[in-house]
$ cat data.txt   # compact mmCIF, C-alpha atoms
# COMPACT_ATOMS: atom_id res chain seq x y z
CA MET A 1 0.00 0.00 0.00
CA LYS A 2 1.22 3.51 -0.80
CA LEU A 3 0.81 6.64 1.31
CA GLN A 4 -1.03 8.29 -1.56
CA ASP A 5 -3.56 5.43 -1.54
CA PHE A 6 -5.02 6.66 1.72
CA VAL A 7 -3.55 10.03 2.77
CA VAL A 8 -6.20 12.47 1.58
CA PRO A 9 -4.39 15.41 -0.06
CA GLU A 10 -7.12 17.88 0.98
CA ALA A 11 -6.71 16.68 4.57
CA VAL A 12 -3.03 17.58 4.74
CA VAL A 13 -2.55 20.40 7.26
CA PRO A 14 0.99 21.74 6.91
CA GLN A 15 0.76 24.21 9.77
CA LEU A 16 -1.38 22.83 12.54
CA ALA A 17 -2.89 25.49 14.78
CA ALA A 18 -3.24 22.93 17.58
CA ALA A 19 -0.98 23.01 20.62
CA THR A 20 -2.44 19.97 22.36
CA ARG A 21 -3.38 16.42 21.45
CA ASP A 22 -7.12 17.01 21.72
CA GLU A 23 -6.95 20.11 19.53
CA ALA A 24 -4.82 18.33 16.93
CA VAL A 25 -7.25 15.40 16.74
CA ALA A 26 -10.19 17.78 16.26
CA GLU A 27 -8.30 19.77 13.62
CA LEU A 28 -7.48 16.67 11.59
CA ILE A 29 -11.00 15.22 11.88
CA ASP A 30 -12.33 18.57 10.65
CA ALA A 31 -9.88 18.46 7.73
CA LEU A 32 -11.01 14.93 6.81
CA ILE A 33 -14.66 15.99 6.96
CA ALA A 34 -13.97 19.08 4.83
CA ALA A 35 -12.27 16.77 2.33
CA ASP A 36 -15.38 14.50 2.27
CA ALA A 37 -13.32 11.59 3.63
CA ALA A 38 -15.55 11.32 6.70
CA PRO A 39 -19.23 12.14 7.30
CA GLY A 40 -19.72 15.55 8.94
CA GLY A 41 -22.44 14.16 11.18
CA LEU A 42 -19.87 11.94 12.89
CA ARG A 43 -17.52 14.76 13.89
CA ASP A 44 -17.95 14.60 17.65
CA GLU A 45 -18.29 10.82 17.69
CA LEU A 46 -15.05 10.34 15.77
CA ILE A 47 -13.12 12.81 17.92
CA GLU A 48 -14.39 11.08 21.04
CA ALA A 49 -13.51 7.63 19.68
CA VAL A 50 -9.97 8.66 18.73
CA LEU A 51 -9.38 10.26 22.13
CA LYS A 52 -10.81 7.23 23.91
CA ARG A 53 -8.32 5.09 22.02
CA GLU A 54 -5.51 7.44 23.10
CA LYS A 55 -6.51 7.03 26.72
CA ASN A 56 -6.01 3.26 26.37
CA GLY A 57 -2.43 3.87 25.31
CA SER A 58 -0.83 6.81 23.56
CA THR A 59 -0.17 6.52 19.84
CA GLY A 60 2.61 9.08 20.29
CA PHE A 61 5.12 6.29 19.79
CA GLY A 62 8.23 8.46 20.08
CA LYS A 63 10.53 10.19 17.58
CA GLY A 64 8.15 13.15 17.37
CA VAL A 65 5.35 11.31 15.60
CA ALA A 66 1.83 10.20 16.51
CA ILE A 67 -0.62 7.94 14.70
CA PRO A 68 -4.04 8.40 16.30
CA HIS A 69 -6.58 6.07 14.73
CA VAL A 70 -9.98 4.52 14.99
CA LYS A 71 -12.03 1.87 13.23
CA HIS A 72 -15.62 2.89 12.63
CA GLU A 73 -18.54 1.15 10.92
CA LYS A 74 -19.59 4.27 9.00
CA ILE A 75 -16.16 4.68 7.43
CA THR A 76 -16.10 2.90 4.08
CA LYS A 77 -12.51 3.45 2.94
CA VAL A 78 -9.23 3.80 4.83
CA ALA A 79 -8.41 7.53 4.97
CA ALA A 80 -5.74 9.55 6.73
CA GLY A 81 -5.26 13.21 7.49
CA LEU A 82 -1.74 14.45 8.05
CA GLY A 83 -0.79 17.37 10.26
CA VAL A 84 2.60 19.01 10.65
CA SER A 85 3.47 21.31 13.54
CA ALA A 86 6.64 23.39 13.54
CA THR A 87 6.34 24.24 17.23
CA GLY A 88 5.30 20.79 18.39
CA VAL A 89 2.12 19.44 19.92
CA ASP A 90 1.84 18.44 23.56
CA TYR A 91 0.63 14.91 22.83
CA ASN A 92 1.27 12.83 25.96
CA ALA A 93 3.68 10.76 23.87
CA LEU A 94 5.29 7.63 25.32
CA ASP A 95 8.65 9.41 25.47
CA LYS A 96 7.03 12.61 26.85
CA GLN A 97 8.48 14.65 23.97
CA PRO A 98 6.46 16.95 21.69
CA VAL A 99 5.01 15.59 18.48
CA TYR A 100 5.65 17.27 15.12
CA SER A 101 3.95 14.95 12.63
CA ILE A 102 0.51 13.39 13.09
CA PHE A 103 -1.13 10.83 10.84
CA LEU A 104 -4.78 10.46 11.84
CA LEU A 105 -6.12 7.24 10.35
CA LEU A 106 -9.78 6.28 9.94
CA SER A 107 -10.49 2.68 8.97
CA PRO A 108 -13.66 0.71 8.21
CA ALA A 109 -14.61 -1.54 11.13
CA ASP A 110 -14.88 -4.62 8.91
CA GLN A 111 -11.49 -4.35 7.18
CA PRO A 112 -8.89 -4.95 9.89
CA ASP A 113 -6.32 -6.13 7.34
CA GLN A 114 -6.56 -2.87 5.36
CA HIS A 115 -6.00 -0.99 8.60
CA LEU A 116 -2.86 -3.02 9.34
CA HIS A 117 -1.48 -2.46 5.85
CA ALA A 118 -2.01 1.30 6.14
CA MET A 119 -0.28 1.28 9.54
CA GLU A 120 2.59 -0.76 8.06
CA THR A 121 3.04 1.87 5.35
CA ILE A 122 2.97 4.77 7.80
CA PHE A 123 5.38 3.13 10.26
CA GLY A 124 7.66 2.01 7.47
CA HIS A 125 8.16 5.58 6.27
CA LEU A 126 8.33 7.06 9.75
CA GLN A 127 11.23 4.71 10.53
CA ASN A 128 13.19 6.46 7.80
CA ASP A 129 15.11 9.35 9.39
CA THR A 130 15.18 11.31 6.13
CA PHE A 131 11.42 11.05 5.64
CA ARG A 132 10.75 12.03 9.24
CA SER A 133 12.99 15.06 9.19
CA PHE A 134 11.73 16.32 5.81
CA LEU A 135 8.15 15.88 6.98
CA ARG A 136 8.83 17.80 10.17
CA GLN A 137 10.30 20.67 8.14
CA ALA A 138 7.59 20.77 5.49
CA GLU A 139 5.83 24.12 5.78
CA THR A 140 3.57 24.11 2.75
CA HIS A 141 0.91 21.83 1.36
CA GLU A 142 3.01 21.27 -1.72
CA ALA A 143 6.10 20.37 0.31
CA VAL A 144 4.13 17.68 2.15
CA THR A 145 2.42 16.20 -0.89
CA THR A 146 5.68 16.16 -2.87
CA LEU A 147 7.35 14.36 0.02
CA LEU A 148 4.57 11.73 0.08
CA GLU A 149 5.04 11.21 -3.66
CA GLU A 150 8.79 10.80 -3.24
CA ALA A 151 8.33 8.40 -0.35
CA ASP A 152 5.93 6.28 -2.44
CA THR A 153 8.36 6.08 -5.34
CA GLN A 154 11.22 5.44 -2.89
CA SER A 155 13.28 8.27 -4.23
CA LEU A 156 14.16 9.55 -0.75
CA MET B 1 23.58 -17.13 27.47
CA SER B 2 20.88 -19.30 25.98
CA THR B 3 18.68 -19.18 22.93
CA ALA B 4 15.03 -20.11 22.64
CA SER B 5 12.48 -19.85 19.89
CA ALA B 6 8.90 -20.75 19.04
CA ASN B 7 6.44 -20.54 16.17
CA LEU B 8 3.37 -18.40 16.72
CA THR B 9 0.15 -17.78 14.83
CA ILE B 10 -1.82 -14.58 15.23
CA ARG B 11 -5.37 -15.69 16.09
CA ASN B 12 -7.24 -12.53 16.98
CA ARG B 13 -9.45 -11.14 14.24
CA LEU B 14 -7.92 -7.67 14.22
CA GLY B 15 -4.35 -8.94 13.91
CA LEU B 16 -1.29 -7.39 15.50
CA HIS B 17 -2.63 -3.84 15.54
CA ALA B 18 -1.29 -1.06 17.72
CA ARG B 19 -2.67 -2.08 21.10
CA PRO B 20 -1.56 -5.74 21.02
CA ALA B 21 1.74 -4.65 19.49
CA MET B 22 2.27 -2.39 22.50
CA SER B 23 1.42 -5.29 24.83
CA LEU B 24 4.04 -7.34 23.02
CA VAL B 25 6.61 -4.56 23.44
CA ASP B 26 5.76 -4.27 27.13
CA THR B 27 6.06 -8.03 27.61
CA ALA B 28 9.35 -8.25 25.68
CA SER B 29 10.82 -5.23 27.44
CA ALA B 30 10.48 -6.93 30.81
CA PHE B 31 13.23 -9.35 29.75
CA ALA B 32 16.94 -8.74 29.42
CA SER B 33 17.24 -11.01 26.36
CA ASP B 34 17.51 -9.75 22.83
CA ILE B 35 14.14 -10.74 21.28
CA LYS B 36 13.27 -10.85 17.60
CA ILE B 37 9.98 -11.47 15.83
CA GLY B 38 10.16 -12.88 12.34
CA LYS B 39 7.62 -13.03 9.52
CA GLY B 40 9.18 -14.89 6.61
CA LYS B 41 12.46 -13.18 5.90
CA GLN B 42 11.45 -10.02 7.76
CA VAL B 43 12.91 -9.96 11.27
CA VAL B 44 12.26 -7.12 13.71
CA ASP B 45 13.06 -6.13 17.27
CA ALA B 46 10.23 -7.22 19.61
CA LYS B 47 10.95 -4.21 21.84
CA SER B 48 10.23 -1.67 19.07
CA ILE B 49 6.61 -0.68 18.37
CA MET B 50 7.66 0.98 15.11
CA GLN B 51 9.26 -2.21 13.86
CA LEU B 52 6.46 -4.50 15.01
CA MET B 53 3.86 -2.45 13.18
CA MET B 54 5.81 -2.94 9.97
CA LEU B 55 5.04 -6.65 10.08
CA ALA B 56 1.38 -6.00 9.23
CA ALA B 57 0.66 -9.29 10.96
CA THR B 58 -2.98 -9.93 10.07
CA LYS B 59 -5.08 -12.77 11.48
CA ASP B 60 -3.56 -16.20 10.72
CA THR B 61 -0.10 -14.75 10.06
CA GLU B 62 2.65 -17.11 11.20
CA LEU B 63 5.49 -15.56 13.15
CA THR B 64 8.60 -16.81 14.90
CA VAL B 65 9.89 -15.48 18.18
CA THR B 66 13.57 -15.90 18.97
CA ALA B 67 15.26 -14.78 22.16
CA GLU B 68 18.88 -14.74 23.10
CA GLY B 69 20.08 -14.05 26.63
CA SER B 70 19.96 -15.23 30.21
CA ASP B 71 16.14 -15.24 30.35
CA ALA B 72 15.51 -16.36 26.76
CA GLU B 73 13.22 -19.28 27.59
CA ALA B 74 11.02 -17.27 29.94
CA ALA B 75 10.78 -14.49 27.35
CA VAL B 76 9.64 -16.86 24.59
CA ALA B 77 7.14 -18.48 26.96
CA ALA B 78 5.68 -15.11 27.97
CA ILE B 79 5.32 -13.89 24.39
CA THR B 80 3.83 -17.20 23.27
CA ALA B 81 1.27 -17.01 26.08
CA LEU B 82 0.38 -13.43 25.13
CA VAL B 83 -0.20 -14.29 21.46
CA GLU B 84 -2.15 -17.45 22.35
CA SER B 85 -4.39 -15.45 24.68
CA LYS B 86 -5.33 -13.38 21.57
CA PHE B 87 -4.10 -10.40 23.55
CA ASP B 88 -7.26 -10.67 25.66
CA GLU B 89 -9.29 -9.26 22.79
CA GLU B 90 -11.74 -12.08 22.14

$ encode --input "data.txt" --output "structure tokens"
Amino acid sequence: MKLQDFVVPEAVVPQLAAATRDEAVAELIDALIAADAAPGGLRDELIEAVLKREKNGSTGFGKGVAIPHVKHEKITKVAAGLGVSATGVDYNALDKQPVYSIFLLLSPADQPDQHLHAMETIFGHLQNDTFRSFLRQAETHEAVTTLLEEADTQSL
Amino acid sequence: MSTASANLTIRNRLGLHARPAMSLVDTASAFASDIKIGKGKQVVDAKSIMQLMMLAATKDTELTVTAEGSDAEAAVAAITALVESKFDEE
């Protein structure tokens, strides 16, 4: 699976306004709804579900990245929003450090394998120091989407 | 130093997603041994969430666990028990 298969370009937020985890989750859910990748009527429910998942164990896995996610029956296709914060988000990460890149992933409840493949793709790229540092520095929408393209074609 | 290993099959419907992967990291990290999880030719560090998630271990995926160190056998036994319990999900 490629990043461009599920990262919704219109839900890329190169300069997150959020300073905290809860704000960042809301901002990315709003971006996914604005991009028609999630139903607007589910806004509060999705935010609540993602935050509930975070309370079971932070998805701020270290290295300045977080991958909040939820599986929901009304989601029909795996979709991710991507937020970048230059100043860092207070995310309650496992290593207690700020988070600079956030992939928020929504998956259909009945396709657990698709969810795992999307996570594999995200983690695979986030393991790459070059990808992570370019993503953290990306300040424009174009910089982020170009980076995703390069990552998918493995030209990093 | 001793070495131990076992074959495992992921049985829970959702596969090795983030929460069970974290449980596996927590279990592995309690041991001093070096612990690897293998899926075919792909071998990753059982104490790294980032690496475990790259396995995309869906339901019915076969994995191997290999530990090397003073507590290798106990480590393999603990991880085997965790996977067989379906991570308490079902």

$ closest_atom_pairs --input "data.txt" --of "chain B" --to "chain A" --cutoff "6 Å" --atoms "only C-alpha atoms" --output "Markdown table"
| residue | atom | partner | partner_atom | distance |
| --- | --- | --- | --- | --- |
| B:Leu14 | CA | A:Pro112 | CA | 5.2 |
| B:Met50 | CA | A:Phe123 | CA | 5.8 |
| B:Met53 | CA | A:Glu120 | CA | 5.5 |
| B:Met54 | CA | A:Glu120 | CA | 4.3 |
| B:Ala56 | CA | A:Leu116 | CA | 5.2 |
| B:Thr58 | CA | A:Asp113 | CA | 5.7 |

$ closest_residue --input "data.txt" --among "B:Ser85, B:Thr3, B:Gln42, B:Thr80" --to "Thr66 in chain B" --atoms "all atoms listed in the file"
B:Thr3

$ atom_distance --input "data.txt" --atom1 "CA of Ala79 in chain A" --atom2 "CA of Asp60 in chain B"
24.9 Å

$ residues_around --input "data.txt" --residues "range 4-10 of chain B" --least-positions-apart "2" --cutoff "6 Å" --atoms "only C-alpha atoms" --output "mmCIF file with C-alpha atoms, keeping the file's coordinate frame"
data_model
loop_
_atom_site.group_PDB
_atom_site.id
_atom_site.type_symbol
_atom_site.label_atom_id
_atom_site.label_comp_id
_atom_site.auth_asym_id
_atom_site.auth_seq_id
_atom_site.Cartn_x
_atom_site.Cartn_y
_atom_site.Cartn_z
ATOM 1 C CA LYS B 59 -5.080 -12.770 11.480
ATOM 2 C CA ASP B 60 -3.560 -16.200 10.720
ATOM 3 C CA THR B 61 -0.100 -14.750 10.060
ATOM 4 C CA GLU B 62 2.650 -17.110 11.200
ATOM 5 C CA LEU B 63 5.490 -15.560 13.150
ATOM 6 C CA THR B 64 8.600 -16.810 14.900
ATOM 7 C CA VAL B 65 9.890 -15.480 18.180
ATOM 8 C CA THR B 66 13.570 -15.900 18.970
ATOM 9 C CA ALA B 67 15.260 -14.780 22.160
ATOM 10 C CA ALA B 72 15.510 -16.360 26.760
ATOM 11 C CA GLU B 73 13.220 -19.280 27.590
#

$ residues_around --input "data.txt" --residues "range 84-88 of chain A" --least-positions-apart "6" --cutoff "6 Å" --atoms "all atoms listed in the file" --output "list of chain:residue names"
A:Pro14, A:Gln15, A:Leu16, A:Pro98, A:Val99, A:Tyr100, A:Ser101

$ atom_distance --input "data.txt" --atom1 "CA of Ile29 in chain A" --atom2 "CA of Asn12 in chain B"
28.5 Å

$ closest_residue --input "data.txt" --among "A:Phe131, A:Asp44, A:Leu82, A:Lys55" --to "Asp152 in chain A" --atoms "all atoms listed in the file"
A:Phe131

$ closest_residue --input "data.txt" --among "A:Val13, A:Val70, A:Ala138, A:Ala18" --to "Ser107 in chain A" --atoms "all atoms listed in the file"
A:Val70

$ residues_around --input "data.txt" --residues "Lys47 in chain B" --least-positions-apart "5" --cutoff "9 Å" --atoms "only C-alpha atoms" --output "MDAnalysis selection string"
chainID B and resid 22 24:29 34:36 52

$ residues_around --input "data.txt" --residues "Leu147 in chain A" --least-positions-apart "5" --cutoff "10 Å" --atoms "only C-alpha atoms" --output "PyMOL selection string"
chain A and resi 131+134-135+138+141-142+152-153+155-156

$ residues_around --input "data.txt" --residues "Ser33 in chain B" --least-positions-apart "4" --cutoff "8 Å" --atoms "all atoms listed in the file" --output "list in words"
Ala67, Glu68, Gly69, Ser70, Asp71, Ala72 and Ala75 of chain B

$ atom_distance --input "data.txt" --atom1 "CA of Lys96 in chain A" --atom2 "CA of Leu32 in chain A"
27.1 Å

$ closest_residue --input "data.txt" --among "A:Asn92, A:Pro9, A:Leu105, A:Asp129" --to "Val50 in chain A" --atoms "all atoms listed in the file"
A:Leu105

$ build_atoms --input "data.txt" --residues "range 53-75 of chain A" --atoms "N, CA and C atoms" --output "PDB file, in the coordinates of the input"
ATOM      1  N   ARG A  53      -9.396   6.010  22.376  1.00  0.00           N
ATOM      2  CA  ARG A  53      -8.320   5.090  22.020  1.00  0.00           C
ATOM      3  C   ARG A  53      -6.984   5.575  22.604  1.00  0.00           C
ATOM      4  N   GLU A  54      -6.757   6.879  22.549  1.00  0.00           N
ATOM      5  CA  GLU A  54      -5.510   7.440  23.100  1.00  0.00           C
ATOM      6  C   GLU A  54      -5.400   7.179  24.602  1.00  0.00           C
ATOM      7  N   LYS A  55      -6.541   7.212  25.257  1.00  0.00           N
ATOM      8  CA  LYS A  55      -6.510   7.030  26.720  1.00  0.00           C
ATOM      9  C   LYS A  55      -6.186   5.584  27.082  1.00  0.00           C
ATOM     10  N   ASN A  56      -6.393   4.658  26.148  1.00  0.00           N
ATOM     11  CA  ASN A  56      -6.010   3.260  26.370  1.00  0.00           C
ATOM     12  C   ASN A  56      -4.529   3.027  26.146  1.00  0.00           C
ATOM     13  N   GLY A  57      -3.847   4.014  25.630  1.00  0.00           N
ATOM     14  CA  GLY A  57      -2.430   3.870  25.310  1.00  0.00           C
ATOM     15  C   GLY A  57      -2.099   4.874  24.235  1.00  0.00           C
ATOM     16  N   SER A  58      -1.138   5.740  24.501  1.00  0.00           N
ATOM     17  CA  SER A  58      -0.830   6.810  23.560  1.00  0.00           C
ATOM     18  C   SER A  58      -0.303   6.256  22.243  1.00  0.00           C
ATOM     19  N   THR A  59      -0.750   6.874  21.136  1.00  0.00           N
ATOM     20  CA  THR A  59      -0.170   6.520  19.840  1.00  0.00           C
ATOM     21  C   THR A  59       0.949   7.502  19.474  1.00  0.00           C
ATOM     22  N   GLY A  60       1.387   8.288  20.459  1.00  0.00           N
ATOM     23  CA  GLY A  60       2.610   9.080  20.290  1.00  0.00           C
ATOM     24  C   GLY A  60       3.756   8.132  20.609  1.00  0.00           C
ATOM     25  N   PHE A  61       4.215   7.413  19.563  1.00  0.00           N
ATOM     26  CA  PHE A  61       5.120   6.290  19.790  1.00  0.00           C
ATOM     27  C   PHE A  61       6.581   6.703  19.945  1.00  0.00           C
ATOM     28  N   GLY A  62       6.842   7.989  19.959  1.00  0.00           N
ATOM     29  CA  GLY A  62       8.230   8.460  20.080  1.00  0.00           C
ATOM     30  C   GLY A  62       8.717   9.030  18.758  1.00  0.00           C
ATOM     31  N   LYS A  63       9.925   9.592  18.769  1.00  0.00           N
ATOM     32  CA  LYS A  63      10.530  10.190  17.580  1.00  0.00           C
ATOM     33  C   LYS A  63       9.709  11.331  16.992  1.00  0.00           C
ATOM     34  N   GLY A  64       8.873  11.959  17.826  1.00  0.00           N
ATOM     35  CA  GLY A  64       8.150  13.150  17.370  1.00  0.00           C
ATOM     36  C   GLY A  64       6.966  12.870  16.466  1.00  0.00           C
ATOM     37  N   VAL A  65       6.478  11.626  16.477  1.00  0.00           N
ATOM     38  CA  VAL A  65       5.350  11.310  15.600  1.00  0.00           C
ATOM     39  C   VAL A  65       4.210  10.676  16.408  1.00  0.00           C
ATOM     40  N   ALA A  66       2.993  10.846  15.900  1.00  0.00           N
ATOM     41  CA  ALA A  66       1.830  10.200  16.510  1.00  0.00           C
ATOM     42  C   ALA A  66       0.923   9.676  15.406  1.00  0.00           C
ATOM     43  N   ILE A  67       0.283   8.541  15.683  1.00  0.00           N
ATOM     44  CA  ILE A  67      -0.620   7.940  14.700  1.00  0.00           C
ATOM     45  C   ILE A  67      -1.950   7.616  15.374  1.00  0.00           C
ATOM     46  N   PRO A  68      -2.724   8.657  15.724  1.00  0.00           N
ATOM     47  CA  PRO A  68      -4.040   8.400  16.300  1.00  0.00           C
ATOM     48  C   PRO A  68      -4.907   7.699  15.256  1.00  0.00           C
ATOM     49  N   HIS A  69      -5.775   6.809  15.706  1.00  0.00           N
ATOM     50  CA  HIS A  69      -6.580   6.070  14.730  1.00  0.00           C
ATOM     51  C   HIS A  69      -7.827   5.503  15.365  1.00  0.00           C
ATOM     52  N   VAL A  70      -8.779   5.185  14.508  1.00  0.00           N
ATOM     53  CA  VAL A  70      -9.980   4.520  14.990  1.00  0.00           C
ATOM     54  C   VAL A  70     -10.605   3.740  13.849  1.00  0.00           C
ATOM     55  N   LYS A  71     -11.246   2.628  14.210  1.00  0.00           N
ATOM     56  CA  LYS A  71     -12.030   1.870  13.230  1.00  0.00           C
ATOM     57  C   LYS A  71     -13.486   2.195  13.508  1.00  0.00           C
ATOM     58  N   HIS A  72     -14.226   2.490  12.439  1.00  0.00           N
ATOM     59  CA  HIS A  72     -15.620   2.890  12.630  1.00  0.00           C
ATOM     60  C   HIS A  72     -16.489   2.295  11.527  1.00  0.00           C
ATOM     61  N   GLU A  73     -17.672   1.840  11.903  1.00  0.00           N
ATOM     62  CA  GLU A  73     -18.540   1.150  10.920  1.00  0.00           C
ATOM     63  C   GLU A  73     -19.046   2.060   9.813  1.00  0.00           C
ATOM     64  N   LYS A  74     -19.085   3.369  10.042  1.00  0.00           N
ATOM     65  CA  LYS A  74     -19.590   4.270   9.000  1.00  0.00           C
ATOM     66  C   LYS A  74     -18.481   4.733   8.047  1.00  0.00           C
ATOM     67  N   ILE A  75     -17.255   4.343   8.336  1.00  0.00           N
ATOM     68  CA  ILE A  75     -16.160   4.680   7.430  1.00  0.00           C
ATOM     69  C   ILE A  75     -16.064   3.556   6.402  1.00  0.00           C
TER      70      ILE A  75
END
